[in-house]
file input-v4.csv (CSV, N, CA and C atoms)
chain,number,residue,atom,x,y,z
O,1,MET,N,15.7,15.7,20.8
O,1,MET,CA,15.6,14.6,19.8
O,1,MET,C,16.9,14.2,19.3
O,2,ASP,N,17.2,12.9,19.2
O,2,ASP,CA,18.4,12.3,18.7
O,2,ASP,C,18.7,12.8,17.3
O,3,ARG,N,19.9,13.1,17.0
O,3,ARG,CA,20.2,13.6,15.6
O,3,ARG,C,20.0,12.5,14.5
O,4,ARG,N,20.3,11.2,14.9
O,4,ARG,CA,20.0,10.2,13.9
O,4,ARG,C,18.5,10.0,13.6
O,5,LEU,N,17.7,10.1,14.7
O,5,LEU,CA,16.3,10.0,14.5
O,5,LEU,C,15.7,11.2,13.7
O,6,TYR,N,16.3,12.4,13.9
O,6,TYR,CA,15.9,13.6,13.1
O,6,TYR,C,16.2,13.4,11.6
O,7,GLY,N,17.4,12.8,11.3
O,7,GLY,CA,17.7,12.5,9.9
O,7,GLY,C,16.8,11.5,9.3
O,8,ARG,N,16.5,10.4,10.1
O,8,ARG,CA,15.6,9.4,9.6
O,8,ARG,C,14.2,9.9,9.3
O,9,LEU,N,13.7,10.7,10.3
O,9,LEU,CA,12.4,11.3,10.1
O,9,LEU,C,12.4,12.2,8.8
O,10,GLY,N,13.4,13.0,8.7
O,10,GLY,CA,13.5,13.9,7.5
O,10,GLY,C,13.5,13.1,6.2
O,11,LEU,N,14.3,12.0,6.2
O,11,LEU,CA,14.3,11.1,5.0
O,11,LEU,C,13.0,10.5,4.7
O,12,GLU,N,12.3,10.0,5.7
O,12,GLU,CA,11.0,9.3,5.5
O,12,GLU,C,10.0,10.4,5.1
O,13,CYS,N,10.0,11.6,5.6
O,13,CYS,CA,9.1,12.6,5.2
O,13,CYS,C,9.3,12.9,3.7
O,14,VAL,N,10.6,13.1,3.3
O,14,VAL,CA,10.8,13.3,1.9
O,14,VAL,C,10.3,12.2,1.0
O,15,LEU,N,10.6,11.0,1.4
O,15,LEU,CA,10.1,9.8,0.7
O,15,LEU,C,8.6,9.8,0.6
O,16,ALA,N,7.9,10.1,1.7
O,16,ALA,CA,6.5,10.1,1.7
O,16,ALA,C,5.9,11.2,0.7
O,17,ILE,N,6.6,12.3,0.7
O,17,ILE,CA,6.2,13.4,-0.2
O,17,ILE,C,6.4,13.0,-1.7
O,18,LEU,N,7.6,12.4,-1.9
O,18,LEU,CA,7.9,11.9,-3.3
O,18,LEU,C,6.9,10.8,-3.8
O,19,THR,N,6.6,9.9,-2.9
O,19,THR,CA,5.7,8.8,-3.3
O,19,THR,C,4.3,9.4,-3.5
O,20,ALA,N,3.9,10.3,-2.7
O,20,ALA,CA,2.6,11.0,-2.9
O,20,ALA,C,2.5,11.7,-4.2
O,21,CYS,N,3.5,12.4,-4.6
O,21,CYS,CA,3.6,13.1,-5.8
O,21,CYS,C,3.6,12.2,-7.0
O,22,ALA,N,4.4,11.1,-6.9
O,22,ALA,CA,4.4,10.1,-8.0
O,22,ALA,C,3.0,9.4,-8.1
O,23,ALA,N,2.4,9.2,-7.1
O,23,ALA,CA,1.0,8.6,-7.1
O,23,ALA,C,0.1,9.5,-7.8
O,24,LEU,N,0.2,10.8,-7.5
O,24,LEU,CA,-0.7,11.8,-8.1
O,24,LEU,C,-0.5,11.9,-9.6
O,25,VAL,N,0.8,11.8,-10.0
O,25,VAL,CA,1.1,11.8,-11.5
O,25,VAL,C,0.6,10.6,-12.1
O,26,ALA,N,0.7,9.5,-11.5
O,26,ALA,CA,0.2,8.2,-12.0
O,26,ALA,C,-1.4,8.2,-12.2
O,27,ILE,N,-2.0,8.9,-11.3
O,27,ILE,CA,-3.5,9.0,-11.3
O,27,ILE,C,-3.9,10.0,-12.4
O,28,VAL,N,-3.3,11.2,-12.5
O,28,VAL,CA,-3.7,12.2,-13.4
O,28,VAL,C,-3.3,11.9,-14.8
O,29,TRP,N,-2.1,11.3,-15.0
O,29,TRP,CA,-1.6,11.0,-16.3
O,29,TRP,C,-1.6,9.4,-16.5
O,30,PRO,N,-2.7,8.8,-16.8
O,30,PRO,CA,-2.8,7.4,-16.8
O,30,PRO,C,-2.1,6.6,-17.8
O,31,ASN,N,-1.4,7.2,-18.8
O,31,ASN,CA,-0.7,6.5,-19.8
O,31,ASN,C,0.8,6.9,-19.8
O,32,TRP,N,1.3,7.2,-18.6
O,32,TRP,CA,2.7,7.7,-18.5
O,32,TRP,C,3.7,6.6,-18.8
O,33,ILE,N,3.4,5.3,-18.5
O,33,ILE,CA,4.4,4.3,-18.9
O,33,ILE,C,4.5,4.1,-20.4
O,34,GLU,N,3.4,4.2,-21.1
O,34,GLU,CA,3.4,4.0,-22.5
O,34,GLU,C,4.2,5.2,-23.2
O,35,MET,N,4.0,6.4,-22.7
O,35,MET,CA,4.7,7.6,-23.2
O,35,MET,C,6.2,7.6,-22.9
O,36,LEU,N,6.5,7.2,-21.6
O,36,LEU,CA,7.9,7.3,-21.2
O,36,LEU,C,8.8,6.2,-21.7
O,37,PHE,N,8.2,5.0,-21.7
O,37,PHE,CA,9.1,3.8,-22.0
O,37,PHE,C,8.7,3.2,-23.3
O,38,ASP,N,7.7,3.7,-24.0
O,38,ASP,CA,7.2,3.2,-25.3
O,38,ASP,C,6.8,1.7,-25.2
O,39,LEU,N,6.2,1.4,-24.0
O,39,LEU,CA,5.7,0.0,-23.8
O,39,LEU,C,4.2,0.1,-23.5
O,40,ALA,N,3.5,-1.0,-23.8
O,40,ALA,CA,2.0,-1.0,-23.5
O,40,ALA,C,1.7,-2.3,-22.7
O,41,PRO,N,2.1,-2.3,-21.4
O,41,PRO,CA,1.8,-3.5,-20.7
O,41,PRO,C,0.3,-3.8,-20.4
O,42,ASP,N,-0.5,-2.8,-20.6
O,42,ASP,CA,-1.9,-2.9,-20.3
O,42,ASP,C,-2.8,-2.5,-21.5
O,43,ASN,N,-2.2,-2.5,-22.7
O,43,ASN,CA,-2.9,-2.1,-23.9
O,43,ASN,C,-3.5,-0.7,-23.8
O,44,THR,N,-2.7,0.2,-23.2
O,44,THR,CA,-3.1,1.6,-23.1
O,44,THR,C,-4.4,1.9,-22.3
O,45,ASN,N,-4.8,1.0,-21.4
O,45,ASN,CA,-6.0,1.3,-20.7
O,45,ASN,C,-5.8,1.9,-19.3
O,46,GLY,N,-4.5,2.0,-18.9
O,46,GLY,CA,-4.1,2.7,-17.7
O,46,GLY,C,-4.2,1.8,-16.4
O,47,ALA,N,-4.5,0.5,-16.6
O,47,ALA,CA,-4.6,-0.4,-15.4
O,47,ALA,C,-3.3,-0.5,-14.7
O,48,THR,N,-2.2,-0.6,-15.4
O,48,THR,CA,-0.9,-0.8,-14.8
O,48,THR,C,-0.5,0.5,-14.0
O,49,GLU,N,-0.8,1.6,-14.6
O,49,GLU,CA,-0.5,2.9,-13.9
O,49,GLU,C,-1.3,3.0,-12.6
O,50,TYR,N,-2.6,2.6,-12.7
O,50,TYR,CA,-3.4,2.7,-11.5
O,50,TYR,C,-2.9,1.7,-10.4
O,51,GLY,N,-2.4,0.6,-10.8
O,51,GLY,CA,-1.8,-0.4,-9.9
O,51,GLY,C,-0.5,0.2,-9.2
O,52,VAL,N,0.3,0.9,-10.1
O,52,VAL,CA,1.5,1.6,-9.5
O,52,VAL,C,1.0,2.7,-8.6
O,53,ALA,N,0.0,3.4,-8.9
O,53,ALA,CA,-0.5,4.5,-8.0
O,53,ALA,C,-1.0,3.9,-6.7
O,54,ILE,N,-1.7,2.8,-6.7
O,54,ILE,CA,-2.1,2.2,-5.5
O,54,ILE,C,-1.0,1.8,-4.6
O,55,GLY,N,0.1,1.2,-5.2
O,55,GLY,CA,1.3,0.8,-4.5
O,55,GLY,C,2.0,2.0,-3.9
O,56,LEU,N,2.0,3.1,-4.7
O,56,LEU,CA,2.7,4.3,-4.2
O,56,LEU,C,1.9,5.0,-3.0
O,57,LEU,N,0.6,4.9,-3.2
O,57,LEU,CA,-0.3,5.5,-2.1
O,57,LEU,C,-0.1,4.6,-0.8
O,58,ALA,N,0.0,3.3,-1.0
O,58,ALA,CA,0.2,2.5,0.2
O,58,ALA,C,1.6,2.8,0.9
O,59,ALA,N,2.6,3.0,0.0
O,59,ALA,CA,3.9,3.4,0.6
O,59,ALA,C,3.9,4.7,1.3
O,60,THR,N,3.1,5.7,0.7
O,60,THR,CA,3.0,7.0,1.3
O,60,THR,C,2.3,6.8,2.7
O,61,LEU,N,1.2,6.0,2.8
O,61,LEU,CA,0.5,5.8,4.0
O,61,LEU,C,1.4,5.2,5.1
O,62,LEU,N,2.2,4.2,4.7
O,62,LEU,CA,3.1,3.5,5.6
O,62,LEU,C,4.2,4.4,6.1
O,63,LEU,N,4.8,5.2,5.2
O,63,LEU,CA,5.8,6.1,5.6
O,63,LEU,C,5.2,7.2,6.6
O,64,THR,N,4.1,7.7,6.3
O,64,THR,CA,3.4,8.7,7.1
O,64,THR,C,3.1,8.2,8.5
O,65,ILE,N,2.7,7.0,8.6
O,65,ILE,CA,2.4,6.3,9.9
O,65,ILE,C,3.7,6.2,10.7
O,66,ARG,N,4.7,5.7,10.0
O,66,ARG,CA,6.0,5.5,10.7
O,66,ARG,C,6.6,6.8,11.2
O,67,VAL,N,6.5,7.9,10.4
O,67,VAL,CA,7.0,9.2,10.8
O,67,VAL,C,6.2,9.7,12.0
O,68,GLY,N,4.9,9.6,12.0
O,68,GLY,CA,4.0,10.0,13.0
O,68,GLY,C,4.3,9.3,14.3
O,69,ARG,N,4.4,8.0,14.3
O,69,ARG,CA,4.7,7.2,15.5
O,69,ARG,C,6.1,7.6,16.1
O,70,ALA,N,7.1,7.7,15.2
O,70,ALA,CA,8.4,8.0,15.7
O,70,ALA,C,8.5,9.4,16.3
O,71,TRP,N,7.7,10.4,15.7
O,71,TRP,CA,7.7,11.7,16.2
O,71,TRP,C,7.0,11.8,17.5
O,72,ARG,N,5.9,11.1,17.7
O,72,ARG,CA,5.2,11.0,19.0
O,72,ARG,C,6.1,10.4,20.0
O,73,LYS,N,6.7,9.3,19.7
O,73,LYS,CA,7.6,8.6,20.6
O,73,LYS,C,8.7,9.5,21.1
O,74,SER,N,9.3,10.3,20.1
O,74,SER,CA,10.4,11.1,20.5
O,74,SER,C,10.0,12.4,21.3
O,75,THR,N,8.8,12.9,21.1
O,75,THR,CA,8.4,14.1,21.8
O,75,THR,C,7.8,13.7,23.2
O,76,THR,N,7.3,12.5,23.4
O,76,THR,CA,6.7,12.2,24.7
O,76,THR,C,7.7,11.4,25.5
O,77,GLY,N,8.8,10.8,24.9
O,77,GLY,CA,9.7,9.9,25.6
O,77,GLY,C,10.7,10.7,26.4

call {"tool": "encode", "arguments": {"input": "input-v4.csv", "output": "structure tokens"}}
result
Amino acid sequence: MDRRLYGRLGLECVLAILTACAALVAIVWPNWIEMLFDLAPDNTNGATEYGVAIGLLAATLLLTIRVGRAWRKSTTG
């Protein structure tokens, strides 16, 4: 496997893990924006945080798909 590809796959794996963890925090702790930034963009009902969680989960899914495709391509190619 090419060294550059290995580095990119490693970076994308780390980013996928970080976005998954951040999404989990946003789901488990629905008022983190209010507590962290002292703002209430959604009047403390958690809607903004769930929107952020959905975006993070989408990013996790896309990163995971990219890593899987690149890995398969590098091992079969």

call {"tool": "residues_around", "arguments": {"input": "input-v4.csv", "residues": "region 52-58 of chain O", "least_positions_apart": "4", "cutoff": "5 Å", "atoms": "all atoms listed in the file", "output": "PyMOL selection string"}}
result
chain O and resi 23+48+62

call {"tool": "closest_residue", "arguments": {"input": "input-v4.csv", "among": "O:Thr76, O:Leu63, O:Gly46, O:Trp71", "to": "Glu12 (chain O)", "atoms": "all atoms listed in the file"}}
result
O:Leu63

call {"tool": "atom_distance", "arguments": {"input": "input-v4.csv", "atom1": "atom C of Leu9 (chain O)", "atom2": "CA of Thr64 (chain O)"}}
result
9.8 Å

call {"tool": "atom_distance", "arguments": {"input": "input-v4.csv", "atom1": "atom N of Ala20 (chain O)", "atom2": "CA of Gly7 (chain O)"}}
result
18.8 Å

call {"tool": "closest_residue", "arguments": {"input": "input-v4.csv", "among": "O:Cys13, O:Arg8, O:Asn45, O:Tyr50", "to": "Val25 (chain O)", "atoms": "only C-alpha atoms"}}
result
O:Tyr50

call {"tool": "atom_distance", "arguments": {"input": "input-v4.csv", "atom1": "atom C of Asp38 (chain O)", "atom2": "CA of Gly51 (chain O)"}}
result
17.7 Å

call {"tool": "closest_residue", "arguments": {"input": "input-v4.csv", "among": "O:Thr60, O:Arg4, O:Ala47, O:Lys73", "to": "Ile17 (chain O)", "atoms": "all atoms listed in the file"}}
result
O:Thr60

call {"tool": "select_by_dssp", "arguments": {"input": "input-v4.csv", "residues": "region 5-74 of chain O", "states": "helix (DSSP H, G or I)", "output": "VMD selection string"}}
result
chain O and resid 5 to 28 32 to 37 47 to 74

call {"tool": "closest_residue", "arguments": {"input": "input-v4.csv", "among": "O:Glu34, O:Leu24, O:Leu18, O:Leu5", "to": "Ala70 (chain O)", "atoms": "only N, CA and C atoms"}}
result
O:Leu5

call {"tool": "build_atoms", "arguments": {"input": "input-v4.csv", "residues": "region 41-52 of chain O", "atoms": "all heavy atoms", "output": "PDB file, in the coordinates of the input"}}
result
ATOM      1  N   PRO O  41       2.100  -2.300 -21.400  1.00  0.00           N
ATOM      2  CA  PRO O  41       1.800  -3.500 -20.700  1.00  0.00           C
ATOM      3  C   PRO O  41       0.300  -3.800 -20.400  1.00  0.00           C
ATOM      4  O   PRO O  41      -0.069  -4.929 -20.168  1.00  0.00           O
ATOM      5  CB  PRO O  41       2.530  -3.286 -19.358  1.00  0.00           C
ATOM      6  CG  PRO O  41       2.612  -1.810 -19.242  1.00  0.00           C
ATOM      7  CD  PRO O  41       2.700  -1.294 -20.655  1.00  0.00           C
ATOM      8  N   ASP O  42      -0.500  -2.800 -20.600  1.00  0.00           N
ATOM      9  CA  ASP O  42      -1.900  -2.900 -20.300  1.00  0.00           C
ATOM     10  C   ASP O  42      -2.800  -2.500 -21.500  1.00  0.00           C
ATOM     11  O   ASP O  42      -3.960  -2.195 -21.362  1.00  0.00           O
ATOM     12  CB  ASP O  42      -2.340  -2.130 -19.078  1.00  0.00           C
ATOM     13  CG  ASP O  42      -1.913  -0.678 -19.192  1.00  0.00           C
ATOM     14  OD1 ASP O  42      -1.440  -0.266 -20.274  1.00  0.00           O
ATOM     15  OD2 ASP O  42      -2.032   0.052 -18.208  1.00  0.00           O
ATOM     16  N   ASN O  43      -2.200  -2.500 -22.700  1.00  0.00           N
ATOM     17  CA  ASN O  43      -2.900  -2.100 -23.900  1.00  0.00           C
ATOM     18  C   ASN O  43      -3.500  -0.700 -23.800  1.00  0.00           C
ATOM     19  O   ASN O  43      -4.584  -0.476 -24.254  1.00  0.00           O
ATOM     20  CB  ASN O  43      -3.934  -3.139 -24.330  1.00  0.00           C
ATOM     21  CG  ASN O  43      -3.318  -4.456 -24.713  1.00  0.00           C
ATOM     22  OD1 ASN O  43      -2.230  -4.491 -25.284  1.00  0.00           O
ATOM     23  ND2 ASN O  43      -3.997  -5.542 -24.393  1.00  0.00           N
ATOM     24  N   THR O  44      -2.700   0.200 -23.200  1.00  0.00           N
ATOM     25  CA  THR O  44      -3.100   1.600 -23.100  1.00  0.00           C
ATOM     26  C   THR O  44      -4.400   1.900 -22.300  1.00  0.00           C
ATOM     27  O   THR O  44      -4.976   2.926 -22.534  1.00  0.00           O
ATOM     28  CB  THR O  44      -3.069   2.331 -24.425  1.00  0.00           C
ATOM     29  OG1 THR O  44      -4.143   1.840 -25.205  1.00  0.00           O
ATOM     30  CG2 THR O  44      -1.762   2.179 -25.152  1.00  0.00           C
ATOM     31  N   ASN O  45      -4.800   1.000 -21.400  1.00  0.00           N
ATOM     32  CA  ASN O  45      -6.000   1.300 -20.700  1.00  0.00           C
ATOM     33  C   ASN O  45      -5.800   1.900 -19.300  1.00  0.00           C
ATOM     34  O   ASN O  45      -6.667   2.314 -18.601  1.00  0.00           O
ATOM     35  CB  ASN O  45      -6.950   0.111 -20.560  1.00  0.00           C
ATOM     36  CG  ASN O  45      -6.395  -0.954 -19.648  1.00  0.00           C
ATOM     37  OD1 ASN O  45      -5.312  -0.828 -19.101  1.00  0.00           O
ATOM     38  ND2 ASN O  45      -7.145  -2.034 -19.511  1.00  0.00           N
ATOM     39  N   GLY O  46      -4.500   2.000 -18.900  1.00  0.00           N
ATOM     40  CA  GLY O  46      -4.100   2.700 -17.700  1.00  0.00           C
ATOM     41  C   GLY O  46      -4.200   1.800 -16.400  1.00  0.00           C
ATOM     42  O   GLY O  46      -3.915   2.252 -15.331  1.00  0.00           O
ATOM     43  N   ALA O  47      -4.500   0.500 -16.600  1.00  0.00           N
ATOM     44  CA  ALA O  47      -4.600  -0.400 -15.400  1.00  0.00           C
ATOM     45  C   ALA O  47      -3.300  -0.500 -14.700  1.00  0.00           C
ATOM     46  O   ALA O  47      -3.217  -0.533 -13.453  1.00  0.00           O
ATOM     47  CB  ALA O  47      -5.118  -1.739 -15.842  1.00  0.00           C
ATOM     48  N   THR O  48      -2.200  -0.600 -15.400  1.00  0.00           N
ATOM     49  CA  THR O  48      -0.900  -0.800 -14.800  1.00  0.00           C
ATOM     50  C   THR O  48      -0.500   0.500 -14.000  1.00  0.00           C
ATOM     51  O   THR O  48      -0.022   0.391 -12.885  1.00  0.00           O
ATOM     52  CB  THR O  48       0.216  -1.038 -15.872  1.00  0.00           C
ATOM     53  OG1 THR O  48      -0.118  -2.229 -16.580  1.00  0.00           O
ATOM     54  CG2 THR O  48       1.584  -1.189 -15.252  1.00  0.00           C
ATOM     55  N   GLU O  49      -0.800   1.600 -14.600  1.00  0.00           N
ATOM     56  CA  GLU O  49      -0.500   2.900 -13.900  1.00  0.00           C
ATOM     57  C   GLU O  49      -1.300   3.000 -12.600  1.00  0.00           C
ATOM     58  O   GLU O  49      -0.829   3.526 -11.623  1.00  0.00           O
ATOM     59  CB  GLU O  49      -0.727   4.066 -14.829  1.00  0.00           C
ATOM     60  CG  GLU O  49       0.310   4.182 -15.928  1.00  0.00           C
ATOM     61  CD  GLU O  49       0.023   3.315 -17.147  1.00  0.00           C
ATOM     62  OE1 GLU O  49      -0.907   2.495 -17.108  1.00  0.00           O
ATOM     63  OE2 GLU O  49       0.745   3.453 -18.134  1.00  0.00           O
ATOM     64  N   TYR O  50      -2.600   2.600 -12.700  1.00  0.00           N
ATOM     65  CA  TYR O  50      -3.400   2.700 -11.500  1.00  0.00           C
ATOM     66  C   TYR O  50      -2.900   1.700 -10.400  1.00  0.00           C
ATOM     67  O   TYR O  50      -2.935   2.009  -9.214  1.00  0.00           O
ATOM     68  CB  TYR O  50      -4.862   2.448 -11.784  1.00  0.00           C
ATOM     69  CG  TYR O  50      -5.485   3.589 -12.547  1.00  0.00           C
ATOM     70  CD1 TYR O  50      -6.192   3.375 -13.720  1.00  0.00           C
ATOM     71  CD2 TYR O  50      -5.355   4.899 -12.110  1.00  0.00           C
ATOM     72  CE1 TYR O  50      -6.741   4.425 -14.432  1.00  0.00           C
ATOM     73  CE2 TYR O  50      -5.898   5.961 -12.813  1.00  0.00           C
ATOM     74  CZ  TYR O  50      -6.598   5.715 -13.968  1.00  0.00           C
ATOM     75  OH  TYR O  50      -7.135   6.762 -14.670  1.00  0.00           O
ATOM     76  N   GLY O  51      -2.400   0.600 -10.800  1.00  0.00           N
ATOM     77  CA  GLY O  51      -1.800  -0.400  -9.900  1.00  0.00           C
ATOM     78  C   GLY O  51      -0.500   0.200  -9.200  1.00  0.00           C
ATOM     79  O   GLY O  51      -0.317   0.105  -8.030  1.00  0.00           O
ATOM     80  N   VAL O  52       0.300   0.900 -10.100  1.00  0.00           N
ATOM     81  CA  VAL O  52       1.500   1.600  -9.500  1.00  0.00           C
ATOM     82  C   VAL O  52       1.000   2.700  -8.600  1.00  0.00           C
ATOM     83  O   VAL O  52       1.615   2.851  -7.485  1.00  0.00           O
ATOM     84  CB  VAL O  52       2.299   2.181 -10.689  1.00  0.00           C
ATOM     85  CG1 VAL O  52       3.377   3.118 -10.168  1.00  0.00           C
ATOM     86  CG2 VAL O  52       2.916   1.070 -11.520  1.00  0.00           C
TER      87      VAL O  52
END
